[in-house]
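Below: the structure, in structure tokens.
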Protein chains: 2
Amino acid sequence: VIEALAVRIDADRLRARHEAMSAIGATGRGGIDRQALTEAEIEARALVIDWARSRGYALSSDPIGNLFIRRPGRERNAAPVLAGSHLDSQPNGGNFDGVYGVLAGLEVLEALDDGAVETDRPIEVVIWTNEEGARFQPTTMGSAVYVGALSLQQALSARGKDGMTVSEALDFMRRKLPSCAPRALATPLHAYVEAHIEQGPILESARRKIGVVLGIQGLRQYAITVEGTEAHAGTTPRLRRRDAFVAARRIAAELDRVATDAQDIARLTIGRFDVSPGTTNTIPGKVAMTVDLRHPDQDELDRLDRAIHEICRKQAEPCSASVETLLASRGVSFAGCVIEAVREEAARLGHGALDIMSGATHDAAFLTRLCPSGMIFVPCRDGISHNEAEFTSLDDMIAGAEVLAGVVRRLSHIKAELAA
Amino acid sequence: VIEALAVRIDADRLRARHEAMSAIGATGRGGIDRQALTEAEIEARALVIDWARSRGYALSSDPIGNLFIRRPGRERNAAPVLAGSHLDSQPNGGNFDGVYGVLAGLEVLEALDDGAVETDRPIEVVIWTNEEGARFQPTTMGSAVYVGALSLQQALSARGKDGMTVSEALDFMRRKLPSCAPRALATPLHAYVEAHIEQGPILESARRKIGVVLGIQGLRQYAITVEGTEAHAGTTPRLRRRDAFVAARRIAAELDRVATDAQDIARLTIGRFDVSPGTTNTIPGKVAMTVDLRHPDQDELDRLDRAIHEICRKQAEPCSASVETLLASRGVSFAGCVIEAVREEAARLGHGALDIMSGATHDAAFLTRLCPSGMIFVPCRDGISHNEAEFTSLDDMIAGAEVLAGVVRRLSHIKAELAA
């Protein structure tokens, strides 16, 4: 209890830092455009580096530009406990997605200092490169490269919409930022824990401050192409039509039907639906649509996968439909020791908590390949994210940082390798 | 009967002329791109002018570029019977839409000459300017201006996608073509009859060569906008979504349901369906769709109009939907005397005929405002039109030209003003 009291999150500092970050890349409409490795994101990194240096923390950076801020532990060479997230945003991004996890991590380091708390292991905070994938594909690039899931060479040669490669953008950043010690990819970690806004409405609805994140649900994305025959809207009777729009909307309705469950767990979204030729008086000859399907249960995901193929085979008549799988990512389960630490710290601090699956993917998904990993969610208003209206209260940000402080301390005290 | 035998359509001439026209603006894929007042359409007009001059027919042109070819009658100053259509095409147009009516008209003039047949009234063939509306809006521009439904000034100032106005394009054409006598807009006509491919599958299905066109069905076009809320596809439960795509596809299904009749008469087409933001992992916040609705019965069109508004009001929940009427054109009934002439000439010639409503609009729709008007349809394979695969057999082209010859002769013999 004495130790717990010693780590006191500084609400004014957290709020001031959050406000300072919200000004960098501000769109003027309440949100930010701070895409990866742009001037705005570099400016945001520079500010975090200033804060870290003013407390004397050591900085290191790996070949994909992930930045690590280190507060030493009693055992100087032990594998660190890592916290953090990302500073990049969507083009019309909000002020909480990613940046909250970095600021909460930095706040934990400083709160430990303020309370003169020593930890056994070093505690680090990371800024992952290009989590959003808005400028460069793929998403969660920095963590994927760090754990070896994506080759450095492939990531460096990815080219953004503006024509610049990641390699060129990293050079541009390095010229603007103070030099950091080099860090090898896959440098061992004891554990990883990421604080993040939920990006959904579940915690808010349940009136809980803390989400104990059990894992990330499985995701499949499909491209479905429906082919019919273009014809004149005025002269072609209904029974003679091969209307690709009609077939595609019927397929879409069936997809929604099979993915509707009483518990409201499965998530099926048709986000793109391009109709050709797209003129008022021509019966559409083609529809290209995407399906985004998520479920925490892999068996259920497999069942829905089979249903999608069957629906496209059976419901397309008199048109034809083909299905291409764009992405198939199995669900991720976080480490029991991290989940337990989050649950117990929330209980100890008196913050109402709820077990939750993450609907979105995060850098923590890749970190599970390298070390025991987990996440702490805080609520966001109306579940709105990837949107300039994104909002999380200061109270909730503080609660998340308090839990994060407790979790990293707890994990840092464990000397042996953690069990996943 | 003696007169009837005297008008003999020359199959070889009609085929040769059709082949020559198919080469002008040919895309190399079987169709043509001969948009209004382009070099290709001007070249096609030049060829028709050559043919007309070689037979000594008088040429005149009005301020919107409609071109008239005149074979005199016994009564030189009587209002003429007019046949014809257009030479312009869609960007991926076929070799029959429009051009067939011009060639059939010219063939009739020459067949009358070949048979040394005199008519009481002059017979004219017209090439209307910009029927398709592909380069310049609106469609059926030349006939609309001729009858006074569209102001000349408004038509001349219409600007194409290439930046050129109709006025500039007409100047360009006049520099390339032999000069013609000027003709005033709305110069009186005794009757108008237009031969055209059906652009639908009805005659082919019924195995008839001639469509006795009763009129043009009424047309309404709507823009429906469905507004929901953009949200993250992975984190937002179904019951919390305001998915504009789901609401719009439900509205679309209801629209199809109310427009489905056992006789397959109503035609409802959703041709545009634009989903925003259109990314795989974002729940759509907006759908902009168009509805093209056609029916020969104005009461039924009014009933469906009310149903569309009611469906958008009731089925949009939890999203909202608004309806804007883009176009409301009442059905057109052709003149009884022209319909009768087509029906009787087809019977006299032994060509199986069928009463039919036109699904598409034509220049003949505007001509009804100036004089008794009508149309003769011939079949087209698989009902395909506005498509490079458009095809009508030479036999059917000849049958239509034979009926056209009979109809213009019959109408030219009537001295008094015709009753609509």
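Following the order of the structure tokens, chains are lettered A, B, ..., residues in each are numbered from 1, and ligands are numbered from 1.
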query: If you run DSSP on the backbone, which residues of segment 113-277 of chain B are helix (DSSP H, G or I), as a PyMOL selection string?
result: chain B and resi 113-114+141-147+152-156+166-176+202-206+238-240+244-258
Mind running chain B against chain A at 6 Å and telling me each contacting residue's nearest atom pair with the distance in Å (one decimal), counting only C-alpha atoms, chain and number ascending, as CSV?
residue,atom,partner,partner_atom,distance
B:Gly200,CA,A:Thr235,CA,4.7
B:Gly234,CA,A:Gly359,CA,4.2
B:Thr235,CA,A:Gly359,CA,4.2
B:Thr236,CA,A:Gly200,CA,5.3
B:Arg249,CA,A:Arg249,CA,5.9
B:Gly271,CA,A:Thr280,CA,4.7
B:Arg272,CA,A:Gly278,CA,4.5
B:Gly278,CA,A:Arg272,CA,4.5
B:Thr279,CA,A:Gly271,CA,5.3
B:Thr280,CA,A:Gly271,CA,4.7
B:Thr282,CA,A:Gly271,CA,5.8
B:Ile283,CA,A:Gly271,CA,5.8
B:Pro284,CA,A:Gly271,CA,5.8
B:Thr290,CA,A:Thr280,CA,6.0
B:Gly359,CA,A:Thr235,CA,4.2
B:Ala360,CA,A:Gly234,CA,5.0
task: Show which residues sit within 12 Å of Arg175 of chain A, as a PyMOL selection string. Count only C-alpha atoms, and ignore same-chain residues fewer than 3 positions away.
output: chain A and resi 37+39+42+46+168-172+178-180
message: Taking the DSSP secondary structure from the backbone, can you list the residues of segment 233-276 of chain B that are strand (DSSP E), as a PyMOL selection string?
response: chain B and resi 267-269+273-276
Output all heavy atoms for every residue in that selection, as a PDB file, in the first residue's frame.
ATOM      1  N   ARG B 267     -40.267  -0.221 -64.531  1.00  0.00           N
ATOM      2  CA  ARG B 267     -38.808  -0.388 -64.609  1.00  0.00           C
ATOM      3  C   ARG B 267     -38.141   0.521 -63.597  1.00  0.00           C
ATOM      4  O   ARG B 267     -38.207   1.735 -63.739  1.00  0.00           O
ATOM      5  CB  ARG B 267     -38.323  -0.108 -66.024  1.00  0.00           C
ATOM      6  CG  ARG B 267     -38.681  -1.283 -66.901  1.00  0.00           C
ATOM      7  CD  ARG B 267     -38.534  -1.066 -68.345  1.00  0.00           C
ATOM      8  NE  ARG B 267     -39.308  -2.114 -69.019  1.00  0.00           N
ATOM      9  CZ  ARG B 267     -39.644  -2.079 -70.289  1.00  0.00           C
ATOM     10  NH1 ARG B 267     -39.280  -1.077 -71.048  1.00  0.00           N
ATOM     11  NH2 ARG B 267     -40.352  -3.058 -70.802  1.00  0.00           N
ATOM     12  N   LEU B 268     -37.517  -0.102 -62.606  1.00  0.00           N
ATOM     13  CA  LEU B 268     -36.833   0.663 -61.568  1.00  0.00           C
ATOM     14  C   LEU B 268     -35.368   0.242 -61.548  1.00  0.00           C
ATOM     15  O   LEU B 268     -35.066  -0.953 -61.470  1.00  0.00           O
ATOM     16  CB  LEU B 268     -37.490   0.423 -60.205  1.00  0.00           C
ATOM     17  CG  LEU B 268     -36.944   1.298 -59.076  1.00  0.00           C
ATOM     18  CD1 LEU B 268     -38.067   1.701 -58.120  1.00  0.00           C
ATOM     19  CD2 LEU B 268     -35.833   0.627 -58.301  1.00  0.00           C
ATOM     20  N   THR B 269     -34.481   1.226 -61.660  1.00  0.00           N
ATOM     21  CA  THR B 269     -33.050   0.945 -61.727  1.00  0.00           C
ATOM     22  C   THR B 269     -32.300   1.826 -60.745  1.00  0.00           C
ATOM     23  O   THR B 269     -32.502   3.036 -60.725  1.00  0.00           O
ATOM     24  CB  THR B 269     -32.515   1.226 -63.141  1.00  0.00           C
ATOM     25  OG1 THR B 269     -33.279   0.479 -64.080  1.00  0.00           O
ATOM     26  CG2 THR B 269     -31.033   0.847 -63.260  1.00  0.00           C
ATOM     27  N   PHE B 273     -24.615   4.357 -56.822  1.00  0.00           N
ATOM     28  CA  PHE B 273     -24.726   3.993 -55.418  1.00  0.00           C
ATOM     29  C   PHE B 273     -23.343   4.248 -54.827  1.00  0.00           C
ATOM     30  O   PHE B 273     -22.497   3.363 -54.813  1.00  0.00           O
ATOM     31  CB  PHE B 273     -25.137   2.519 -55.313  1.00  0.00           C
ATOM     32  CG  PHE B 273     -25.581   2.078 -53.944  1.00  0.00           C
ATOM     33  CD1 PHE B 273     -26.915   2.178 -53.570  1.00  0.00           C
ATOM     34  CD2 PHE B 273     -24.675   1.558 -53.041  1.00  0.00           C
ATOM     35  CE1 PHE B 273     -27.333   1.748 -52.317  1.00  0.00           C
ATOM     36  CE2 PHE B 273     -25.088   1.130 -51.783  1.00  0.00           C
ATOM     37  CZ  PHE B 273     -26.424   1.226 -51.429  1.00  0.00           C
ATOM     38  N   ASP B 274     -23.109   5.493 -54.421  1.00  0.00           N
ATOM     39  CA  ASP B 274     -21.783   5.901 -53.957  1.00  0.00           C
ATOM     40  C   ASP B 274     -21.713   5.850 -52.431  1.00  0.00           C
ATOM     41  O   ASP B 274     -22.460   6.544 -51.751  1.00  0.00           O
ATOM     42  CB  ASP B 274     -21.469   7.323 -54.427  1.00  0.00           C
ATOM     43  CG  ASP B 274     -21.432   7.432 -55.948  1.00  0.00           C
ATOM     44  OD1 ASP B 274     -21.249   6.388 -56.600  1.00  0.00           O
ATOM     45  OD2 ASP B 274     -21.596   8.538 -56.468  1.00  0.00           O
ATOM     46  N   VAL B 275     -20.787   5.038 -51.932  1.00  0.00           N
ATOM     47  CA  VAL B 275     -20.659   4.792 -50.498  1.00  0.00           C
ATOM     48  C   VAL B 275     -19.470   5.577 -49.950  1.00  0.00           C
ATOM     49  O   VAL B 275     -18.360   5.465 -50.482  1.00  0.00           O
ATOM     50  CB  VAL B 275     -20.471   3.281 -50.240  1.00  0.00           C
ATOM     51  CG1 VAL B 275     -20.246   3.012 -48.769  1.00  0.00           C
ATOM     52  CG2 VAL B 275     -21.683   2.501 -50.744  1.00  0.00           C
ATOM     53  N   SER B 276     -19.689   6.360 -48.887  1.00  0.00           N
ATOM     54  CA  SER B 276     -18.608   7.133 -48.264  1.00  0.00           C
ATOM     55  C   SER B 276     -18.378   6.661 -46.831  1.00  0.00           C
ATOM     56  O   SER B 276     -19.328   6.361 -46.142  1.00  0.00           O
ATOM     57  CB  SER B 276     -18.969   8.622 -48.199  1.00  0.00           C
ATOM     58  OG  SER B 276     -19.251   9.112 -49.462  1.00  0.00           O
TER      59      SER B 276
END
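Among A:Trp51, A:Phe366, A:Phe391, A:Phe377, the residue with the shortest atom-to-atom distance to Ala186 of chain A, counting only C-alpha atoms, is A:Phe366.
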12 Å contact set for Arg135 of chain A, only C-alpha atoms, chain neighbours under 4 positions out, as a PyMOL selection string: chain A and resi 33-38+41+88-91+129-131+139-141+158-166+169
task: Write out as a VMD selection string the residues lying within 9 Å of Leu411 of chain B, counting only C-alpha atoms and excluding same-chain residues fewer than 4 positions away.
output: chain B and resid 81 121 190 to 191 337 to 338 341 406 to 407 415 418
Keeping only N, CA, C and O atoms, take the residues you just selected and write them out as a short mmCIF file (atom, residue, chain, number, x, y, z; two decimals), in the first residue's frame.
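See out_33.cif below for the written result:
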data_model
loop_
_atom_site.label_atom_id
_atom_site.label_comp_id
_atom_site.auth_asym_id
_atom_site.auth_seq_id
_atom_site.Cartn_x
_atom_site.Cartn_y
_atom_site.Cartn_z
N VAL B 81 -43.47 15.97 -94.78
CA VAL B 81 -43.42 14.83 -93.87
C VAL B 81 -41.94 14.58 -93.58
O VAL B 81 -41.12 14.50 -94.51
N ARG B 121 -46.74 15.84 -100.77
CA ARG B 121 -45.94 16.75 -99.95
C ARG B 121 -44.46 16.44 -100.12
O ARG B 121 -44.09 15.33 -100.48
N HIS B 190 -45.66 18.58 -91.38
CA HIS B 190 -46.96 17.91 -91.49
C HIS B 190 -47.02 16.71 -90.54
O HIS B 190 -48.05 16.46 -89.90
N ALA B 191 -45.91 16.00 -90.44
CA ALA B 191 -45.85 14.83 -89.55
C ALA B 191 -44.38 14.44 -89.39
O ALA B 191 -43.53 14.83 -90.21
N CYS B 337 -52.93 8.89 -85.98
CA CYS B 337 -52.82 8.72 -87.43
C CYS B 337 -51.47 8.10 -87.82
O CYS B 337 -51.40 7.32 -88.78
N VAL B 338 -50.42 8.41 -87.06
CA VAL B 338 -49.11 7.82 -87.37
C VAL B 338 -49.08 6.37 -86.91
O VAL B 338 -48.62 5.47 -87.62
N ALA B 341 -50.95 4.34 -89.35
CA ALA B 341 -50.20 4.18 -90.61
C ALA B 341 -49.13 3.11 -90.47
O ALA B 341 -48.93 2.27 -91.36
N GLY B 406 -43.72 3.25 -96.72
CA GLY B 406 -45.18 3.23 -96.82
C GLY B 406 -45.83 4.32 -95.98
O GLY B 406 -46.77 4.99 -96.41
N VAL B 407 -45.29 4.50 -94.77
CA VAL B 407 -45.90 5.47 -93.85
C VAL B 407 -45.72 6.91 -94.37
O VAL B 407 -46.67 7.69 -94.37
N LYS B 415 -53.92 15.78 -97.39
CA LYS B 415 -53.73 17.21 -97.65
C LYS B 415 -54.03 18.06 -96.43
O LYS B 415 -53.34 19.02 -96.14
N LEU B 418 -53.23 17.02 -90.07
CA LEU B 418 -53.53 15.74 -89.43
C LEU B 418 -54.06 15.97 -88.02
O LEU B 418 -53.70 16.92 -87.35
#
field: Distance query Glu324 of chain B at most 12 Å, only C-alpha atoms, self and fewer than 2 positions along chain excluded, as a PyMOL selection string
entry: chain B and resi 220-226+288-291+305+308-309+312+321-322+326-328
- prompt: Skipping near chain neighbours, those fewer than 4 positions away, what residues fall within 7 Å of segment 342-356 of chain A using only C-alpha atoms, listed as a PyMOL selection string?
  reply: chain A and resi 208-214+338+376+403+406-407
Can you write out the residues you just picked, keeping N, CA and C atoms, as a short mmCIF file (atom, residue, chain, number, x, y, z; two decimals), in the first residue's frame?
data_model
loop_
_atom_site.label_atom_id
_atom_site.label_comp_id
_atom_site.auth_asym_id
_atom_site.auth_seq_id
_atom_site.Cartn_x
_atom_site.Cartn_y
_atom_site.Cartn_z
N ARG A 208 -17.72 1.57 -17.05
CA ARG A 208 -16.47 1.11 -16.44
C ARG A 208 -15.33 1.98 -16.95
N LYS A 209 -14.34 2.15 -16.09
CA LYS A 209 -13.21 3.01 -16.45
C LYS A 209 -12.10 2.23 -17.15
N ILE A 210 -12.00 0.94 -16.85
CA ILE A 210 -10.85 0.15 -17.32
C ILE A 210 -11.32 -1.09 -18.10
N GLY A 211 -10.78 -1.28 -19.30
CA GLY A 211 -11.01 -2.50 -20.04
C GLY A 211 -9.84 -3.43 -19.85
N VAL A 212 -10.11 -4.63 -19.32
CA VAL A 212 -9.08 -5.67 -19.18
C VAL A 212 -9.09 -6.42 -20.52
N VAL A 213 -8.10 -6.13 -21.36
CA VAL A 213 -8.18 -6.61 -22.75
C VAL A 213 -7.67 -8.05 -22.81
N LEU A 214 -8.55 -8.95 -23.20
CA LEU A 214 -8.22 -10.39 -23.23
C LEU A 214 -7.48 -10.75 -24.51
N VAL A 338 -0.27 -10.76 -17.82
CA VAL A 338 -0.55 -9.34 -18.04
C VAL A 338 -2.02 -9.05 -17.77
N ILE A 376 -4.45 -2.17 -21.83
CA ILE A 376 -5.40 -1.54 -20.91
C ILE A 376 -6.24 -0.57 -21.75
N VAL A 403 -3.44 2.50 -13.51
CA VAL A 403 -3.40 1.05 -13.69
C VAL A 403 -2.10 0.66 -14.40
N GLY A 406 0.79 0.65 -12.01
CA GLY A 406 0.75 -0.53 -11.16
C GLY A 406 1.18 -1.78 -11.91
N VAL A 407 0.72 -1.92 -13.16
CA VAL A 407 1.03 -3.12 -13.94
C VAL A 407 2.52 -3.19 -14.26
#
